[in-house]
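> Got model_19.cif for you, mmCIF, C-alpha atoms:
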```cif
data_model
loop_
_atom_site.label_atom_id
_atom_site.label_comp_id
_atom_site.auth_asym_id
_atom_site.auth_seq_id
_atom_site.Cartn_x
_atom_site.Cartn_y
_atom_site.Cartn_z
CA MET A 10 78.76 175.07 159.74
CA LYS A 11 78.24 171.40 160.41
CA ILE A 12 80.54 169.37 162.59
CA GLN A 13 80.13 165.60 162.68
CA VAL A 14 81.75 163.10 164.97
CA LEU A 15 81.94 159.61 163.50
CA GLY A 16 82.13 156.64 165.82
CA PRO A 17 80.11 153.73 167.18
CA GLY A 18 79.56 155.42 170.52
CA CYS A 19 82.56 154.51 172.58
CA GLN A 20 84.09 156.63 175.29
CA ARG A 21 86.56 158.30 172.94
CA CYS A 22 83.78 159.35 170.58
CA ARG A 23 81.83 160.91 173.41
CA THR A 24 84.87 162.84 174.57
CA LEU A 25 85.51 164.12 171.06
CA THR A 26 81.87 165.23 170.72
CA ALA A 27 82.07 167.07 174.02
CA ASN A 28 85.33 168.72 172.96
CA ALA A 29 83.80 169.83 169.64
CA GLU A 30 80.88 171.39 171.50
CA LYS A 31 83.24 173.12 173.86
CA ALA A 32 85.31 174.40 170.95
CA ILE A 33 82.42 176.08 169.16
CA GLN A 34 80.99 177.40 172.39
CA GLU A 35 84.25 179.10 173.28
CA LEU A 36 84.54 180.66 169.84
CA GLY A 37 80.89 181.55 169.75
CA VAL A 38 80.52 180.39 166.15
CA GLU A 39 77.32 179.17 164.54
CA ALA A 40 77.72 175.44 164.20
CA THR A 41 75.93 172.20 164.90
CA VAL A 42 77.61 169.15 166.33
CA GLU A 43 76.17 165.85 165.24
CA LYS A 44 77.12 162.33 166.28
CA VAL A 45 77.12 159.75 163.51
CA GLU A 46 76.86 156.22 164.86
CA ASP A 47 75.45 154.34 161.89
CA VAL A 48 78.03 151.98 160.39
CA HIS A 49 76.86 152.48 156.80
CA GLU A 50 77.05 156.21 157.23
CA ILE A 51 80.53 156.04 158.77
CA ALA A 52 81.70 153.72 156.00
CA ARG A 53 80.98 156.41 153.41
CA TYR A 54 83.77 158.57 154.78
CA ARG A 55 86.47 155.99 154.08
CA ILE A 56 88.22 156.37 157.39
CA LEU A 57 90.28 153.64 159.04
CA ALA A 58 89.89 154.63 162.66
CA THR A 59 87.31 156.23 164.84
CA PRO A 60 86.51 158.67 166.32
CA ALA A 61 86.74 160.92 163.29
CA LEU A 62 85.99 164.60 163.02
CA VAL A 63 84.21 165.86 159.90
CA ILE A 64 83.72 169.55 159.26
CA ASP A 65 81.33 170.49 156.46
CA GLY A 66 81.71 167.08 154.88
CA GLN A 67 85.51 167.03 155.03
CA VAL A 68 87.35 164.52 157.18
CA LYS A 69 89.72 166.49 159.37
CA SER A 70 91.06 163.81 161.66
CA ALA A 71 90.59 160.13 162.38
CA GLY A 72 91.52 157.97 165.31
CA ARG A 73 92.34 160.81 167.64
CA VAL A 74 90.55 162.61 170.42
CA LEU A 75 91.34 166.21 169.62
CA SER A 76 91.32 168.82 172.34
CA PRO A 77 88.95 171.79 172.02
CA GLN A 78 91.96 173.93 171.05
CA GLU A 79 92.96 171.53 168.31
CA ILE A 80 89.41 171.55 166.96
CA GLN A 81 89.31 175.34 167.00
CA ALA A 82 92.44 175.44 164.89
CA LEU A 83 90.69 173.22 162.33
CA LEU A 84 87.63 175.43 162.05
CA PRO A 85 87.61 177.67 158.99
CA GLY A 86 87.94 181.39 159.43
CA MET B 20 104.45 173.75 161.96
CA SER B 21 102.99 171.68 159.18
CA THR B 22 99.50 172.59 158.17
CA GLU B 23 96.53 170.31 157.80
CA THR B 24 97.11 167.31 155.59
CA ALA B 25 95.16 167.23 152.38
CA CYS B 26 92.03 165.15 152.51
CA CYS B 27 91.44 161.68 153.62
CA GLY B 28 91.37 161.43 157.35
CA GLU B 29 94.99 161.34 158.28
CA THR B 30 95.48 160.65 161.90
CA SER B 31 97.54 163.76 162.09
CA ALA B 32 95.46 166.89 162.37
CA VAL B 33 98.65 168.55 163.42
CA ALA B 34 96.79 171.64 164.40
CA ALA B 35 98.01 171.59 167.92
CA PRO B 36 101.42 173.12 167.98
CA ALA B 37 103.75 170.51 169.31
CA PRO B 38 105.96 171.89 172.01
CA ARG B 39 108.22 174.29 170.22
CA GLU B 40 111.37 172.85 171.60
CA ARG B 41 114.62 172.71 169.76
CA PRO B 42 115.59 169.09 169.15
CA ALA B 43 118.69 169.44 171.33
CA ARG B 44 116.73 170.86 174.20
CA LEU B 45 114.04 168.25 173.81
CA LEU B 46 116.65 165.52 173.85
CA ALA B 47 118.18 166.96 177.02
CA LEU B 48 114.73 167.02 178.60
CA LEU B 49 114.18 163.39 177.63
CA VAL B 50 117.52 162.31 179.09
CA LEU B 51 116.75 164.22 182.27
CA GLY B 52 113.32 162.61 182.44
CA LEU B 53 114.84 159.18 181.99
CA ALA B 54 117.36 159.83 184.76
CA GLY B 55 114.55 160.97 187.06
CA TRP B 56 112.52 157.91 186.14
CA THR B 57 115.42 155.56 186.90
CA THR B 58 116.03 157.21 190.27
CA LEU B 59 112.38 156.84 191.20
CA TYR B 60 112.33 153.25 190.03
CA LEU B 61 115.35 152.34 192.09
CA ALA B 62 113.91 154.11 195.11
CA ILE B 63 110.71 152.06 195.16
CA GLU B 64 112.02 149.01 196.92
CA PRO B 65 113.73 150.75 199.86
CA ALA B 66 110.92 153.29 200.10
CA ALA B 67 108.25 150.57 200.20
CA ALA B 68 110.18 148.59 202.81
CA PHE B 69 110.67 151.73 204.88
CA LEU B 70 106.99 152.66 204.69
CA ALA B 71 105.70 149.21 205.54
CA GLY B 72 108.26 148.35 208.19
CA ARG B 73 109.17 151.59 209.93
CA VAL B 74 106.30 153.96 209.32
CA LEU B 75 103.41 151.51 209.55
CA GLY B 76 105.28 149.11 211.79
CA LEU B 77 104.13 145.99 209.96
CA SER B 78 106.13 142.80 209.95
CA ALA B 79 106.50 141.08 206.57
CA HIS B 80 105.61 137.83 208.29
CA THR B 81 102.10 138.81 209.23
CA ARG B 82 99.30 138.51 206.69
CA LEU B 83 98.49 142.20 206.73
CA GLY B 84 102.16 143.09 206.58
CA SER B 85 102.84 140.94 203.56
CA ALA B 86 99.74 142.25 201.75
CA VAL B 87 100.63 145.88 202.43
CA ALA B 88 104.27 145.42 201.49
CA PHE B 89 103.19 143.77 198.24
CA PHE B 90 100.92 146.68 197.37
CA LEU B 91 103.41 149.39 198.29
CA PHE B 92 106.08 147.79 196.15
CA GLU B 93 104.08 146.61 193.14
CA ALA B 94 101.76 149.57 192.65
CA PRO B 95 104.37 152.30 192.05
CA LYS B 96 106.58 149.86 190.15
CA VAL B 97 103.87 148.89 187.71
CA LEU B 98 102.67 152.46 187.25
CA LEU B 99 106.20 153.68 186.51
CA LEU B 100 106.81 150.85 184.04
CA LEU B 101 103.47 151.54 182.43
CA GLY B 102 104.31 155.23 182.03
CA ILE B 103 107.63 154.68 180.30
CA VAL B 104 106.49 151.84 178.03
CA VAL B 105 103.30 153.60 176.95
CA PHE B 106 105.38 156.67 176.17
CA ALA B 107 107.81 154.65 174.07
CA VAL B 108 105.00 152.78 172.34
CA GLY B 109 103.28 156.10 171.62
CA ILE B 110 106.40 157.25 169.81
CA VAL B 111 106.77 153.98 167.90
CA ARG B 112 103.11 154.11 166.88
CA SER B 113 103.51 157.57 165.44
CA PHE B 114 105.38 155.79 162.65
CA PHE B 115 102.56 153.32 162.00
CA THR B 116 99.28 154.96 161.15
CA PRO B 117 96.45 152.65 160.09
CA GLU B 118 96.76 154.15 156.59
CA ARG B 119 100.37 153.14 156.36
CA THR B 120 99.67 149.65 157.67
CA ARG B 121 96.97 149.24 155.06
CA ALA B 122 99.32 150.31 152.32
CA LEU B 123 101.93 147.83 153.56
CA LEU B 124 99.41 144.98 153.58
CA ALA B 125 97.76 145.74 150.26
CA GLY B 126 98.84 143.29 147.61
CA LYS B 127 100.43 140.81 150.03
CA ARG B 128 99.68 137.16 149.48
CA GLU B 129 98.15 135.09 152.21
CA SER B 130 100.88 133.43 154.26
CA ALA B 131 103.37 136.30 154.23
CA GLY B 132 100.45 138.68 154.62
CA ASN B 133 99.26 136.89 157.77
CA VAL B 134 102.66 137.21 159.40
CA LEU B 135 103.01 140.86 158.47
CA ALA B 136 99.46 141.63 159.58
CA ALA B 137 100.02 140.03 162.97
CA LEU B 138 103.23 142.01 163.47
CA LEU B 139 101.67 145.27 162.34
CA GLY B 140 98.76 144.59 164.67
CA VAL B 141 101.16 145.03 167.55
CA VAL B 142 102.52 148.42 166.52
CA THR B 143 99.55 150.05 164.81
CA PRO B 144 97.34 152.16 167.04
CA PHE B 145 94.04 150.36 167.32
CA CYS B 146 90.98 150.52 169.46
CA SER B 147 88.33 147.85 169.18
CA CYS B 148 85.66 150.47 168.45
CA SER B 149 87.53 151.16 165.20
CA ALA B 150 87.27 147.54 164.10
CA VAL B 151 84.51 148.17 161.55
CA PRO B 152 86.01 151.08 159.59
CA LEU B 153 89.35 149.32 159.66
CA PHE B 154 87.86 146.09 158.33
CA LEU B 155 86.06 147.96 155.54
CA GLY B 156 89.19 149.91 154.69
CA PHE B 157 91.22 146.71 154.43
CA VAL B 158 88.64 144.91 152.31
CA GLU B 159 88.41 147.93 150.05
CA VAL B 160 92.01 147.67 148.93
CA GLY B 161 91.74 143.92 148.41
CA ILE B 162 93.51 142.65 151.52
CA PRO B 163 92.37 139.01 151.95
CA LEU B 164 89.88 138.26 154.72
CA GLY B 165 92.28 135.96 156.57
CA VAL B 166 95.02 138.59 156.59
CA THR B 167 92.60 141.20 157.90
CA LEU B 168 91.54 138.78 160.63
CA SER B 169 95.17 138.14 161.59
CA PHE B 170 95.42 141.86 162.22
CA LEU B 171 92.19 141.93 164.18
CA ILE B 172 93.36 139.06 166.39
CA SER B 173 96.79 140.43 167.17
CA ALA B 174 95.89 144.11 167.60
CA PRO B 175 93.89 143.74 170.80
CA MET B 176 95.58 140.59 172.11
CA VAL B 177 99.19 141.72 172.05
CA ASN B 178 98.85 145.03 173.77
CA GLU B 179 101.45 147.13 175.47
CA VAL B 180 99.64 147.40 178.78
CA ALA B 181 99.40 143.62 179.06
CA LEU B 182 103.06 143.24 178.15
CA VAL B 183 104.19 145.79 180.73
CA LEU B 184 102.19 144.16 183.47
CA LEU B 185 103.41 140.71 182.54
CA PHE B 186 106.98 141.98 182.47
CA GLY B 187 106.63 143.84 185.74
CA LEU B 188 104.88 141.11 187.68
CA PHE B 189 106.11 137.88 186.07
CA GLY B 190 109.41 138.81 184.46
CA TRP B 191 110.56 139.06 180.87
CA ARG B 192 110.25 135.36 180.08
CA VAL B 193 106.51 135.29 180.57
CA ALA B 194 106.11 138.60 178.74
CA ALA B 195 108.09 137.27 175.77
CA LEU B 196 106.12 134.03 175.85
CA TYR B 197 102.91 135.98 175.72
CA LEU B 198 104.11 138.12 172.82
CA VAL B 199 105.28 135.15 170.77
CA THR B 200 102.30 132.89 171.40
CA GLY B 201 99.90 135.80 170.80
CA LEU B 202 101.53 136.38 167.41
CA VAL B 203 101.44 132.68 166.56
CA ILE B 204 97.72 132.51 167.32
CA ALA B 205 97.11 135.60 165.17
CA VAL B 206 99.10 134.24 162.22
CA ALA B 207 97.73 130.70 162.42
CA GLY B 208 94.18 131.77 163.27
CA GLY B 209 94.02 134.26 160.40
CA PHE B 210 95.52 131.71 158.01
CA VAL B 211 93.03 128.99 158.96
CA LEU B 212 90.12 131.42 158.76
CA GLY B 213 91.34 132.53 155.35
CA ARG B 214 91.44 128.90 154.12
CA LEU B 215 87.86 128.35 155.24
CA LYS B 216 86.62 130.76 152.56
CA LEU B 217 84.32 132.67 154.83
CA GLU B 218 83.74 135.61 152.51
CA ARG B 219 80.15 134.48 152.01
CA TRP B 220 79.49 135.13 155.67
CA VAL B 221 80.49 138.74 155.47
CA GLU B 222 77.38 140.94 155.35
CA GLY B 223 76.44 141.48 151.72
CA TRP B 224 76.55 145.24 151.73
CA VAL B 225 80.21 145.25 152.64
CA TYR B 226 81.39 144.01 149.25
CA GLU B 227 78.60 145.72 147.32
CA SER B 228 79.09 149.18 148.67
CA LEU B 229 82.81 149.29 148.27
CA GLN B 230 84.33 150.05 144.98
CA ARG B 231 87.86 148.93 144.55
CA ALA B 232 90.19 151.50 145.90
CA THR B 233 93.92 151.62 145.88
CA ALA B 234 95.80 152.17 149.05
CA VAL B 235 97.40 155.53 148.83
CA TYR B 236 99.52 156.53 151.66
CA GLN B 237 101.06 159.91 151.94
CA ALA B 238 103.85 159.93 154.42
CA GLU B 239 103.07 162.28 157.16
CA ARG B 240 105.93 164.57 157.93
CA SER B 241 106.25 164.47 161.64
CA SER B 242 109.06 166.16 163.46
CA PHE B 243 110.74 164.56 166.43
CA ALA B 244 108.83 166.98 168.65
CA ASP B 245 105.52 165.83 167.12
CA ARG B 246 106.38 162.24 167.93
CA VAL B 247 107.34 163.05 171.50
CA GLN B 248 104.04 164.88 171.73
CA LYS B 249 102.28 161.69 170.60
CA GLY B 250 104.11 159.77 173.30
CA VAL B 251 102.97 162.24 175.94
CA GLU B 252 99.42 162.03 174.60
CA ALA B 253 99.50 158.25 174.79
CA VAL B 254 100.60 158.37 178.41
CA ARG B 255 97.81 160.80 179.26
CA ASP B 256 95.31 158.73 177.35
CA VAL B 257 96.25 155.22 178.44
CA VAL B 258 97.73 155.67 181.89
CA GLY B 259 95.08 158.24 182.72
CA LYS B 260 92.48 155.62 181.92
CA VAL B 261 93.93 152.44 183.36
CA TRP B 262 95.57 153.53 186.61
CA PRO B 263 92.47 152.95 188.78
CA PHE B 264 92.21 149.42 187.37
CA VAL B 265 95.88 148.80 187.99
CA LEU B 266 95.59 149.94 191.60
CA ALA B 267 92.39 147.97 192.17
CA GLY B 268 93.93 144.89 190.58
CA ILE B 269 97.09 145.15 192.65
CA ALA B 270 95.01 145.69 195.79
CA VAL B 271 93.06 142.48 195.14
CA GLY B 272 96.34 140.79 194.27
CA ALA B 273 97.82 142.03 197.55
CA PHE B 274 94.89 140.60 199.46
CA ILE B 275 95.26 137.21 197.79
CA HIS B 276 98.98 137.42 198.36
CA GLY B 277 98.58 137.97 202.07
CA TYR B 278 95.48 136.01 202.95
CA VAL B 279 94.94 133.10 200.56
CA PRO B 280 96.94 130.10 201.76
CA GLU B 281 99.70 128.67 199.59
CA GLY B 282 98.70 125.83 197.32
CA LEU B 283 94.97 126.41 197.75
CA LEU B 284 94.52 126.84 194.02
CA ALA B 285 96.83 124.04 192.95
CA GLY B 286 93.85 121.66 192.87
CA ILE B 287 91.57 123.83 190.74
CA MET B 288 94.02 125.88 188.70
CA GLY B 289 97.10 123.66 188.81
CA LYS B 290 98.71 121.62 186.08
CA GLN B 291 96.99 118.39 186.91
CA ALA B 292 93.54 119.76 186.25
CA TRP B 293 93.38 119.61 182.42
CA TRP B 294 89.91 121.13 182.42
CA SER B 295 91.19 124.26 184.12
CA VAL B 296 92.36 125.64 180.76
CA PRO B 297 88.99 125.45 178.95
CA LEU B 298 87.32 126.70 182.10
CA ALA B 299 89.66 129.70 182.21
CA VAL B 300 88.86 130.46 178.55
CA ALA B 301 85.13 130.06 179.10
CA ILE B 302 85.26 132.52 181.96
CA GLY B 303 87.66 134.84 180.18
CA VAL B 304 85.88 135.40 176.85
CA PRO B 305 82.71 137.12 178.09
CA MET B 306 84.79 139.02 180.59
CA TYR B 307 85.84 142.38 179.36
CA SER B 308 88.12 143.75 181.91
CA ASN B 309 90.97 145.98 181.35
CA ALA B 310 94.05 143.83 181.16
CA ALA B 311 95.36 146.26 183.70
CA GLY B 312 93.01 145.07 186.39
CA ILE B 313 93.20 141.39 185.69
CA ILE B 314 96.92 140.72 185.51
CA PRO B 315 97.84 141.58 189.11
CA VAL B 316 95.06 139.28 190.31
CA VAL B 317 96.27 136.54 188.06
CA GLN B 318 99.83 137.01 189.28
CA ALA B 319 98.74 136.55 192.85
CA LEU B 320 96.82 133.40 191.85
CA LEU B 321 99.92 132.02 190.21
CA GLY B 322 101.78 132.46 193.46
CA LYS B 323 99.18 130.30 195.13
CA GLY B 324 99.59 127.32 192.89
CA ALA B 325 97.80 128.13 189.64
CA ALA B 326 99.60 126.88 186.53
CA LEU B 327 101.17 129.30 184.07
CA GLY B 328 99.42 127.88 180.99
CA THR B 329 96.03 128.29 182.63
CA VAL B 330 96.90 131.82 183.59
CA LEU B 331 98.12 132.72 180.08
CA ALA B 332 94.98 131.23 178.54
CA PHE B 333 92.81 133.24 180.87
CA MET B 334 94.62 136.47 180.08
CA MET B 335 94.46 135.92 176.34
CA SER B 336 90.78 135.16 176.34
CA VAL B 337 90.01 138.21 178.44
CA ILE B 338 91.87 140.68 176.24
CA GLY B 339 91.97 138.91 172.88
CA LEU B 340 88.31 138.06 172.54
CA SER B 341 86.12 140.76 173.91
CA LEU B 342 82.37 140.83 173.74
CA PRO B 343 82.04 144.54 172.83
CA GLU B 344 84.36 144.04 169.86
CA LEU B 345 82.36 141.03 168.68
CA ILE B 346 79.15 143.01 168.95
CA ILE B 347 80.67 145.78 166.85
CA LEU B 348 81.92 143.26 164.27
CA ARG B 349 78.42 141.78 164.06
CA LYS B 350 77.49 144.82 161.96
CA ILE B 351 79.66 143.54 159.12
CA LEU B 352 80.09 139.82 159.82
CA ARG B 353 77.35 137.22 159.99
CA PRO B 354 76.96 135.24 163.23
CA ARG B 355 78.46 132.11 161.66
CA LEU B 356 81.65 133.93 160.79
CA ILE B 357 81.85 135.47 164.24
CA ALA B 358 81.31 132.06 165.82
CA THR B 359 84.02 130.54 163.62
CA PHE B 360 86.34 133.42 164.47
CA VAL B 361 85.79 132.94 168.19
CA GLY B 362 86.12 129.17 167.81
CA VAL B 363 89.44 129.31 165.97
CA VAL B 364 90.97 131.89 168.30
CA ALA B 365 89.71 130.08 171.40
CA ALA B 366 91.17 126.82 170.05
CA GLY B 367 94.53 128.59 169.65
CA ILE B 368 94.35 129.88 173.20
CA LEU B 369 93.48 126.42 174.53
CA ALA B 370 96.44 124.96 172.70
CA VAL B 371 98.74 127.56 174.23
CA GLY B 372 97.36 126.90 177.70
CA TRP B 373 97.78 123.14 177.48
CA LEU B 374 101.17 123.42 175.84
CA PHE B 375 102.60 125.53 178.63
CA ASN B 376 101.03 123.45 181.35
CA ALA B 377 102.64 120.40 179.78
CA VAL B 378 106.06 121.88 179.06
CA LEU B 379 106.78 124.13 182.01
#
```
Would you put the structure from the file into structure tokens?


Amino acid sequence: MKIQVLGPGCQRCRTLTANAEKAIQELGVEATVEKVEDVHEIARYRILATPALVIDGQVKSAGRVLSPQEIQALLPG
Amino acid sequence: MSTETACCGETSAVAAPAPRERPARLLALLVLGLAGWTTLYLAIEPAAAFLAGRVLGLSAHTRLGSAVAFFLFEAPKVLLLLGIVVFAVGIVRSFFTPERTRALLAGKRESAGNVLAALLGVVTPFCSCSAVPLFLGFVEVGIPLGVTLSFLISAPMVNEVALVLLFGLFGWRVAALYLVTGLVIAVAGGFVLGRLKLERWVEGWVYESLQRATAVYQAERSSFADRVQKGVEAVRDVVGKVWPFVLAGIAVGAFIHGYVPEGLLAGIMGKQAWWSVPLAVAIGVPMYSNAAGIIPVVQALLGKGAALGTVLAFMMSVIGLSLPELIILRKILRPRLIATFVGVVAAGILAVGWLFNAVL
């Protein structure tokens, strides 16, 4: 599974990335967390606010710093 | 509990179960909380006086005494005000997602669009690091450049933390003044920038890469409990972040209050010095402080003879035009557009500063 955090690298994006890592660590699932900071790349997802959480290419949330628990609830399975 | 919304990046992600309170119980809790808040708020003044006078044994007439009394009174007052307003704003903002704002603005003509964009900028959740995706999203549905810029001026400039601090430290008149003039600058600035036909200074890829989209907005079904949850989140998020700045700012303010002699600043920051307004803007623009830290300092300066217009101009340039946001916007806007943007907004701020120095 591939988790991406979209955002230009502000504090909120870093927190969300850390929370995503914590979420998969706690569940012990196989997943990679990747930070996407390139504007062109972010633009492709058609979001209006960052940070955004993308799981396997699907935008799951935008403009919010989700807690590890909230991210776990979004993970498939 | 509603499940995940369909596709396109809703702000919801309602995965986290909002507190499973019954509406009646939640309402009772809110009323109770409000009562507790009011009690605390009313207790600040006597408690601060008691602490400073009896416990610490400081006279209000000494420098140290007046500085300490100022801090003990202002710090809890501002933090309490901040808590309740950020909570309320969090709830209000749960009604205005960026998606909804975009749908409201799509298809509006320029003048009416500028006004609406400036107003929506106040209530839509926005963080300057989101400026690029928001800009692209607005352009994509055909919102005119000037209208988009009205939004981008008002969103950071008229912010709830600044309003609370202005209200708490200066009173409602100054807070209202700030709100109204901030909106006027956003409307007028966006309109002027729109007239200048600056589209050619938007980076080429912006228009090329975007195919025309239509603004679809699916109303997000949020329960009352979800919205309260958003309010609580906002308090944790905002107050959790700004409280050290507020305390530091009030501490510096307290020092100025106690130790800087009256009227010292009248010469440099007073009404007579016309150049104080542009100077305040020039210092304010590159400064990127949390409004939270700057306002208490500014309030103390005002008490020492600085003029209100100068102070307002300084505040607006600190929060309204921030360097990090401009750097982020550089990715989509050419330097000439950014310079024009800064120029027009700064001109608006100057006008506000001079106007209030002349009138008040």

> Pick out the residues sitting within 10 Å of range 356-360 of chain B, and hand them over as a list in words; count all atoms listed in the file, and ignore anything fewer than 6 positions along from it in its own chain.

Leu168, Ile172, Gly208, Gly209, Val211, Leu212, Leu215, Leu217, Glu218, Arg219, Trp220, Val221, Glu222, Leu340, Leu345, Ile346, Leu348, Arg349 and Ala366 of chain B

> Should the cut-off be 8 Å, what would the residue list for chain A against chain B look like, counting all atoms listed in the file, as an MDAnalysis selection string?

chainID A and resid 16:17 19 48 51:52 55:61 67:73 78:80 82:83

> Determine the nearest neighbour of Val166 in chain B from the options B:Leu135, B:Val199, B:Ile302, B:Val337, counting all atoms listed in the file.

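Answer, going by the shortest atom-to-atom distance: B:Leu135.
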
> Write out as a VMD selection string each polymer residue whose atoms come within 10 Å of Leu100 in chain B, counting all atoms listed in the file; drop sequence neighbours fewer than 6 positions from it.

chain B and resid 56 60 106 180 183 to 184 186 to 187

> One decimal, in Å: what's the spacing between CA of Gly140 in chain B and CA of Ala365 in chain B?

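One can read the CA of Gly140 in chain B to CA of Ala365 in chain B distance as 18.4 Å.
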
> Run through the PyMOL selection byres ((chain A and resi 28) around 8) on the given coordinates and return the selected residues as JSON, numbers by chain.

{"A": [24, 25, 26, 27, 29, 30, 31, 32, 75, 76, 77, 80]}

> One number please: CA of Val104 in chain B to CA of Phe69 in chain B, in Å, one decimal.

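One can read the CA of Val104 in chain B to CA of Phe69 in chain B distance as 27.2 Å.
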
> Please provide the set of residues having any atom within 8 Å of Leu138 in chain B, restricted to all atoms listed in the file, with same-chain residues fewer than 3 positions apart removed, written as a PyMOL selection string.

chain B and resi 134-135+141-142+170+173+202

> Hey, can you check how far CA of Met334 in chain B sits from CA of Leu374 in chain B?

15.2 Å

> For each of B:Ala244, B:Val108, B:Leu379, B:Ile314, take the minimum atom-to-atom distance to Leu45 in chain B, counting all atoms listed in the file, then give the residue where this is smallest.

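The closest residue to Leu45 in chain B is B:Ala244.
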
> Can you pull out the residues contacting Val279 in chain B? Cut-off 9 Å, using only C-alpha atoms, and skip same-chain residues under 5 positions away; I want them as a list in words.

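Once the nearby chain positions are removed, what remains is Phe274, Leu320 and Lys323 of chain B.
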
> Can you sort out the box for range 292-299 of chain B, edges along x, y and z, all listed atoms in, 5 Å on every side, with centre and edge lengths in Å to one decimal, as JSON?


```
{"center_x": 90.4, "center_y": 124.7, "center_z": 182.6, "size_x": 16.2, "size_y": 20.1, "size_z": 17.3}
```

> Of the candidates A:Val45, A:Val14, A:Val38, A:Leu62, which shows the shortest atom-to-atom distance to Pro85 in chain A, using all atoms listed in the file?

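Counting all atoms listed in the file, the residue closest to Pro85 in chain A is A:Val38.
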
> So, counting all atoms listed in the file, which residue among B:Leu298, B:Ala125, B:Ala270, B:Ala174 is closest to Val158 in chain B?

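Nearest candidate to Val158 in chain B out of B:Leu298, B:Ala125, B:Ala270, B:Ala174: B:Ala125.
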
> With the PyMOL selection byres ((chain A and resi 41) around 8) as the selection, what would be picked from this file? Answer as a ChimeraX atom specification, please.

/A:10-12,39-40,42-43

> Can you tell me, as an NGL selection string, what residues are no more than 9 Å from Leu84 in chain A when counting all atoms listed in the file, ignoring any on the same chain fewer than 3 positions away?

:A and (33 or 64 or 80-81)
